[in-house]
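Chemist: Below is the file run10.txt, with compact mmCIF, C-alpha atoms.
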# COMPACT_ATOMS: atom_id res chain seq x y z
CA MET Z 1 41.25 26.43 -52.88
CA SER Z 2 40.07 24.31 -49.93
CA HIS Z 3 41.99 26.65 -47.63
CA SER Z 4 39.99 29.54 -49.02
CA ALA Z 5 36.65 27.74 -48.46
CA ILE Z 6 37.55 26.96 -44.84
CA SER Z 7 38.60 30.55 -44.27
CA GLN Z 8 35.26 31.76 -45.56
CA HIS Z 9 33.38 29.41 -43.18
CA VAL Z 10 35.51 30.44 -40.21
CA ALA Z 11 34.92 34.09 -41.02
CA ALA Z 12 31.16 33.43 -41.27
CA LEU Z 13 31.12 31.56 -37.94
CA LYS Z 14 32.79 34.46 -36.15
CA GLY Z 15 29.66 36.50 -36.77
CA VAL Z 16 27.41 33.92 -35.06
CA PRO Z 17 27.02 34.61 -31.32
CA SER Z 18 28.42 31.80 -29.21
CA GLN Z 19 26.05 29.74 -27.11
CA PRO Z 20 26.60 29.53 -23.36
CA THR Z 21 28.01 26.27 -22.09
CA ALA Z 22 26.26 24.23 -19.39
CA ALA Z 23 28.78 25.55 -16.87
CA THR Z 24 27.86 29.18 -17.57
CA VAL Z 25 24.06 28.80 -17.78
CA ARG Z 26 22.35 30.26 -14.68
CA PRO Z 27 18.67 29.35 -14.58
CA SER Z 28 16.25 32.13 -13.80
CA VAL Z 29 14.77 31.72 -10.31
CA LYS Z 30 11.78 33.71 -9.01
CA PRO Z 31 12.50 36.24 -6.25
CA GLY Z 32 12.11 34.66 -2.83
CA HIS Z 33 13.14 31.25 -4.18
CA ARG Z 34 16.33 29.27 -4.57
CA LEU Z 35 17.35 26.28 -6.67
CA VAL Z 36 17.82 23.11 -4.57
CA PRO Z 37 18.53 19.46 -5.36
CA ALA Z 38 15.71 16.94 -4.97
CA LEU Z 39 15.85 13.16 -5.21
CA VAL Z 40 13.08 11.51 -7.24
CA GLY Z 41 12.50 7.89 -8.15
CA ARG Z 42 11.39 4.65 -6.61
CA SER Z 43 13.22 3.43 -3.53
CA THR Z 44 14.25 0.33 -5.48
CA ASP Z 45 16.46 2.37 -7.82
CA PRO Z 46 19.20 4.92 -7.10
CA GLY Z 47 16.91 7.79 -8.06
CA THR Z 48 17.68 10.93 -9.99
CA ILE Z 49 18.80 14.29 -8.66
CA VAL Z 50 16.83 17.16 -10.16
CA TYR Z 51 16.89 20.83 -9.24
CA VAL Z 52 13.65 22.48 -8.17
CA GLU Z 53 12.65 26.01 -7.30
CA CYS Z 54 12.18 26.11 -3.55
CA PRO Z 55 10.70 29.03 -1.58
CA ASP Z 56 13.09 30.65 0.90
CA TRP Z 57 10.77 29.68 3.78
CA CYS Z 58 10.92 25.94 2.96
CA VAL Z 59 12.86 23.83 5.47
CA VAL Z 60 12.52 20.47 3.67
CA ASP Z 61 15.64 18.59 2.66
CA HIS Z 62 14.33 17.47 -0.75
CA VAL Z 63 17.09 14.89 -1.13
CA ALA Z 64 16.34 13.19 2.21
CA ASP Z 65 12.57 13.58 1.66
CA ARG Z 66 12.62 11.47 -1.50
CA ASN Z 67 9.56 11.46 -3.78
CA VAL Z 68 8.70 8.94 -6.45
CA PHE Z 69 7.52 11.59 -8.92
CA LEU Z 70 8.62 15.17 -9.49
CA GLU Z 71 4.96 16.23 -9.14
CA ASP Z 72 4.92 14.90 -5.56
CA ILE Z 73 7.50 17.40 -4.27
CA SER Z 74 6.02 19.74 -1.71
CA HIS Z 75 7.38 22.58 0.39
CA ARG Z 76 6.86 23.04 4.14
CA GLY Z 77 7.92 25.88 6.38
CA GLU Z 78 9.06 25.81 9.98
CA ARG Z 79 6.40 24.37 12.26
CA LYS Z 80 5.07 26.40 15.16
CA SER Z 81 3.25 24.31 17.72
CA LEU Z 82 1.04 24.66 20.75
CA PRO Z 83 0.79 21.40 22.65
CA LEU Z 84 -2.52 21.19 24.50
CA THR Z 85 -2.40 18.67 27.31
CA PRO Z 86 -5.77 17.80 28.78
CA SER Z 87 -5.76 16.72 32.43
CA ARG Z 88 -6.79 13.22 31.39
CA GLY Z 89 -5.48 12.08 28.06
CA ASP Z 90 -2.75 12.39 25.53
CA MET Z 91 -1.27 15.64 24.34
CA VAL Z 92 -3.14 17.19 21.41
CA PRO Z 93 -0.66 19.00 19.18
CA VAL Z 94 -1.76 22.07 17.27
CA GLU Z 95 0.72 23.10 14.58
CA VAL Z 96 0.82 25.77 11.91
CA TYR Z 97 3.23 26.03 9.00
CA LEU Z 98 3.42 27.26 5.44
CA SER Z 99 2.86 24.58 2.84
CA GLN Z 100 2.87 24.37 -0.94
CA TRP Z 101 2.27 21.65 -3.49
CA PRO Z 102 3.54 23.32 -6.69
CA ALA Z 103 2.08 20.68 -9.02
CA SER Z 104 -1.37 20.77 -7.40
CA GLY Z 105 -4.17 21.76 -9.71
CA ASP Z 106 -6.58 22.47 -6.84
CA ASP Z 107 -5.10 25.77 -5.69
CA GLY Z 108 -2.91 26.59 -8.66
CA GLY Z 109 0.13 25.49 -6.68
CA GLN Z 110 -0.08 28.53 -4.40
CA PRO Z 111 1.30 28.37 -0.85
CA TYR Z 112 -1.14 28.32 2.06
CA LEU Z 113 -1.20 28.15 5.84
CA ALA Z 114 -1.60 24.58 7.05
CA VAL Z 115 -3.23 24.17 10.46
CA ASP Z 116 -2.75 20.68 11.88
CA VAL Z 117 -4.90 19.78 14.89
CA ASP Z 118 -4.16 16.25 16.07
CA CYS Z 119 -3.21 15.11 12.53
CA GLU Z 120 -6.24 16.73 10.86
CA VAL Z 121 -4.88 19.38 8.47
CA SER Z 122 -6.89 22.36 7.21
CA ASN Z 123 -5.58 24.75 4.56
CA TYR Z 124 -6.06 28.51 4.69
CA SER Z 125 -5.45 31.13 2.01
CA ARG Z 126 -4.00 34.49 3.05
CA ALA Z 127 -7.39 36.11 3.79
CA ALA Z 128 -8.69 33.05 5.64
CA ALA Z 129 -5.43 32.73 7.63
CA LEU Z 130 -5.63 36.38 8.71
CA ALA Z 131 -9.26 35.88 9.77
CA LEU Z 132 -8.19 32.79 11.74
CA ALA Z 133 -5.44 34.84 13.44
CA ASP Z 134 -8.04 37.45 14.44
CA GLN Z 135 -10.27 34.71 15.87
CA LEU Z 136 -7.33 33.26 17.83
CA VAL Z 137 -6.49 36.69 19.29
CA SER Z 138 -10.12 37.07 20.39
CA PHE Z 139 -10.12 33.54 21.82
CA ALA Z 140 -6.85 34.24 23.69
CA ALA Z 141 -8.44 37.38 25.17
CA ASP Z 142 -11.37 35.25 26.39
CA VAL Z 143 -8.96 32.71 27.92
CA ARG Z 144 -7.05 35.52 29.66
CA ARG Z 145 -10.26 37.14 30.95
CA LEU Z 146 -11.53 33.84 32.34
CA ALA Z 147 -8.12 32.95 33.82
CA GLN Z 148 -8.00 36.27 35.67
CA THR Z 149 -11.22 35.37 37.49
CA LEU Z 150 -9.58 32.28 39.02
CA PRO Z 151 -8.10 32.47 42.52
CA ASP Z 152 -4.38 33.16 42.76
CA ASP Z 153 -2.09 30.18 42.58
CA SER Z 154 -0.74 29.74 46.08
CA PRO Z 155 0.74 26.67 47.66
CA VAL Z 156 -1.99 25.16 49.78
CA ARG Z 157 -0.58 23.14 52.62
CA SER Z 158 -2.25 19.97 53.62
CA GLN Z 159 -2.68 19.07 57.29
CA ALA Z 160 0.18 16.57 56.92
CA ASP Z 161 2.51 19.27 55.56
CA GLU Z 162 1.55 21.56 58.45
CA ALA Z 163 2.13 18.79 61.01
CA LEU Z 164 5.54 18.01 59.48
CA ARG Z 165 6.48 21.70 59.64
CA ARG Z 166 5.60 21.82 63.35
CA VAL Z 167 7.63 18.70 64.12
CA ARG Z 168 10.67 20.16 62.35
CA GLU Z 169 10.32 23.42 64.23
CA GLY Z 170 10.09 21.60 67.57
CA GLY Z 171 6.36 21.91 68.11
CA ARG Z 172 6.17 25.70 67.80
CA SER Z 173 3.23 27.13 65.91
Represent the supplied structure as structure tokens.

Modeler:
Amino acid sequence: MSHSAISQHVAALKGVPSQPTAATVRPSVKPGHRLVPALVGRSTDPGTIVYVECPDWCVVDHVADRNVFLEDISHRGERKSLPLTPSRGDMVPVEVYLSQWPASGDDGGQPYLAVDVDCEVSNYSRAAALALADQLVSFAADVRRLAQTLPDDSPVRSQADEALRRVREGGRS
């Protein structure tokens, strides 16, 4: 009789769909993103590896760039820079890159264009970033126009250079 009861349960279980195992579960990832490991936890403990959705443009190694809390994970794209070197002073770097703080409540976690001028970062939405690009194109045109009014770059010889040239040529002018 017990054999019959077990048979009935086995038959009933065959009708229940099987659940996927952890090895066969593939998490859903948004288009343009990938699942990457990230290390979180205090530096005093070994930390925990978690998997986060990372935009395809992100170049951060989220394991090497350890964060204490999952909410602190951010994404940064490849930096493009324009080093401005004044004639007297240190280089002033100007960098632009995509950035995103997914857990940020300020901008809904949306990506933005970060513009870093000498360690002062400003954030631009898509519309503001396109307006900035238009302003930079106009500014570049002004720089080009002004540069074209300058005299040609030509090596100007000093009197000492001219005297040295004459000596080497045996006094001929």

Chemist: Which distance in Å separates atom CA of Z:Val52 and atom CA of Z:Leu39, to one decimal?

Modeler: 10.0 Å

Chemist: Identify which of the residues Z:Val29, Z:Asp106, Z:Pro46, Z:Pro55 lies closest to Z:Val68, counting all atoms listed in the file when measuring atom-to-atom distances.

Modeler: Z:Pro46

Chemist: Just how far from atom CA of Z:Trp57 is atom CA of Z:Glu78, in Å to one decimal?

Modeler: 7.5 Å

Chemist: Go through Z:Phe139, Z:Tyr124, Z:Phe69, Z:Tyr51 one by one, measure the shortest atom-to-atom distance of each to Z:Val96 using all atoms listed in the file, and give the residue with the smallest value.

Modeler: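 Selected residue with least distance to Z:Val96: Z:Tyr124.
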
Chemist: When you draw a straight line from atom CA of Z:His75 to atom CA of Z:Gly108, how long is it in Å?

Modeler: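 If I compute the distance from atom CA of Z:His75 to atom CA of Z:Gly108, I get 14.3 Å.
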
Chemist: Show which residues sit within 8 Å of Z:Cys54, as a list of chain:residue names. Count all atoms listed in the file, and ignore same-chain residues fewer than 4 positions away.

Modeler: Z:His33, Z:Arg34, Z:Leu35, Z:Val36, Z:Cys58, Z:His75

Chemist: Kindly indicate which residue among Z:Ala141, Z:Ala127, Z:Leu82, Z:Val40 lies nearest to Z:Val115, using only C-alpha atoms for the distances.

Modeler: Z:Leu82

Chemist: Hey, could you pull the box centre and edge lengths for stretch 142-149 of chain Z, axis-aligned, 4 Å padding per side, all listed atoms, to one decimal in Å, as lines of an AutoDock Vina configuration file?

Modeler:
center_x = -9.3
center_y = 34.9
center_z = 31.9
size_x = 12.5
size_y = 12.4
size_z = 19.1

Chemist: Of the residues Z:Val137, Z:Pro93, Z:Pro86, Z:Arg168, which is the one nearest to Z:Glu120, using all atoms listed in the file?

Modeler: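 Closest to Z:Glu120, using all atoms listed in the file: Z:Pro93.
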
Chemist: Restricting the calculation to only C-alpha atoms: of Z:Glu53, Z:Asp116, Z:Asp134, Z:Asp90, which residue gets closest to Z:Pro102?

Modeler: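 So, comparing all the options, the nearest one is Z:Glu53.
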
Chemist: Could you tell me which of Z:Asp65, Z:Asp118, Z:Asp107, Z:Asp153 comes closest to Z:Met91 if we count all atoms listed in the file?

Modeler: Z:Asp118
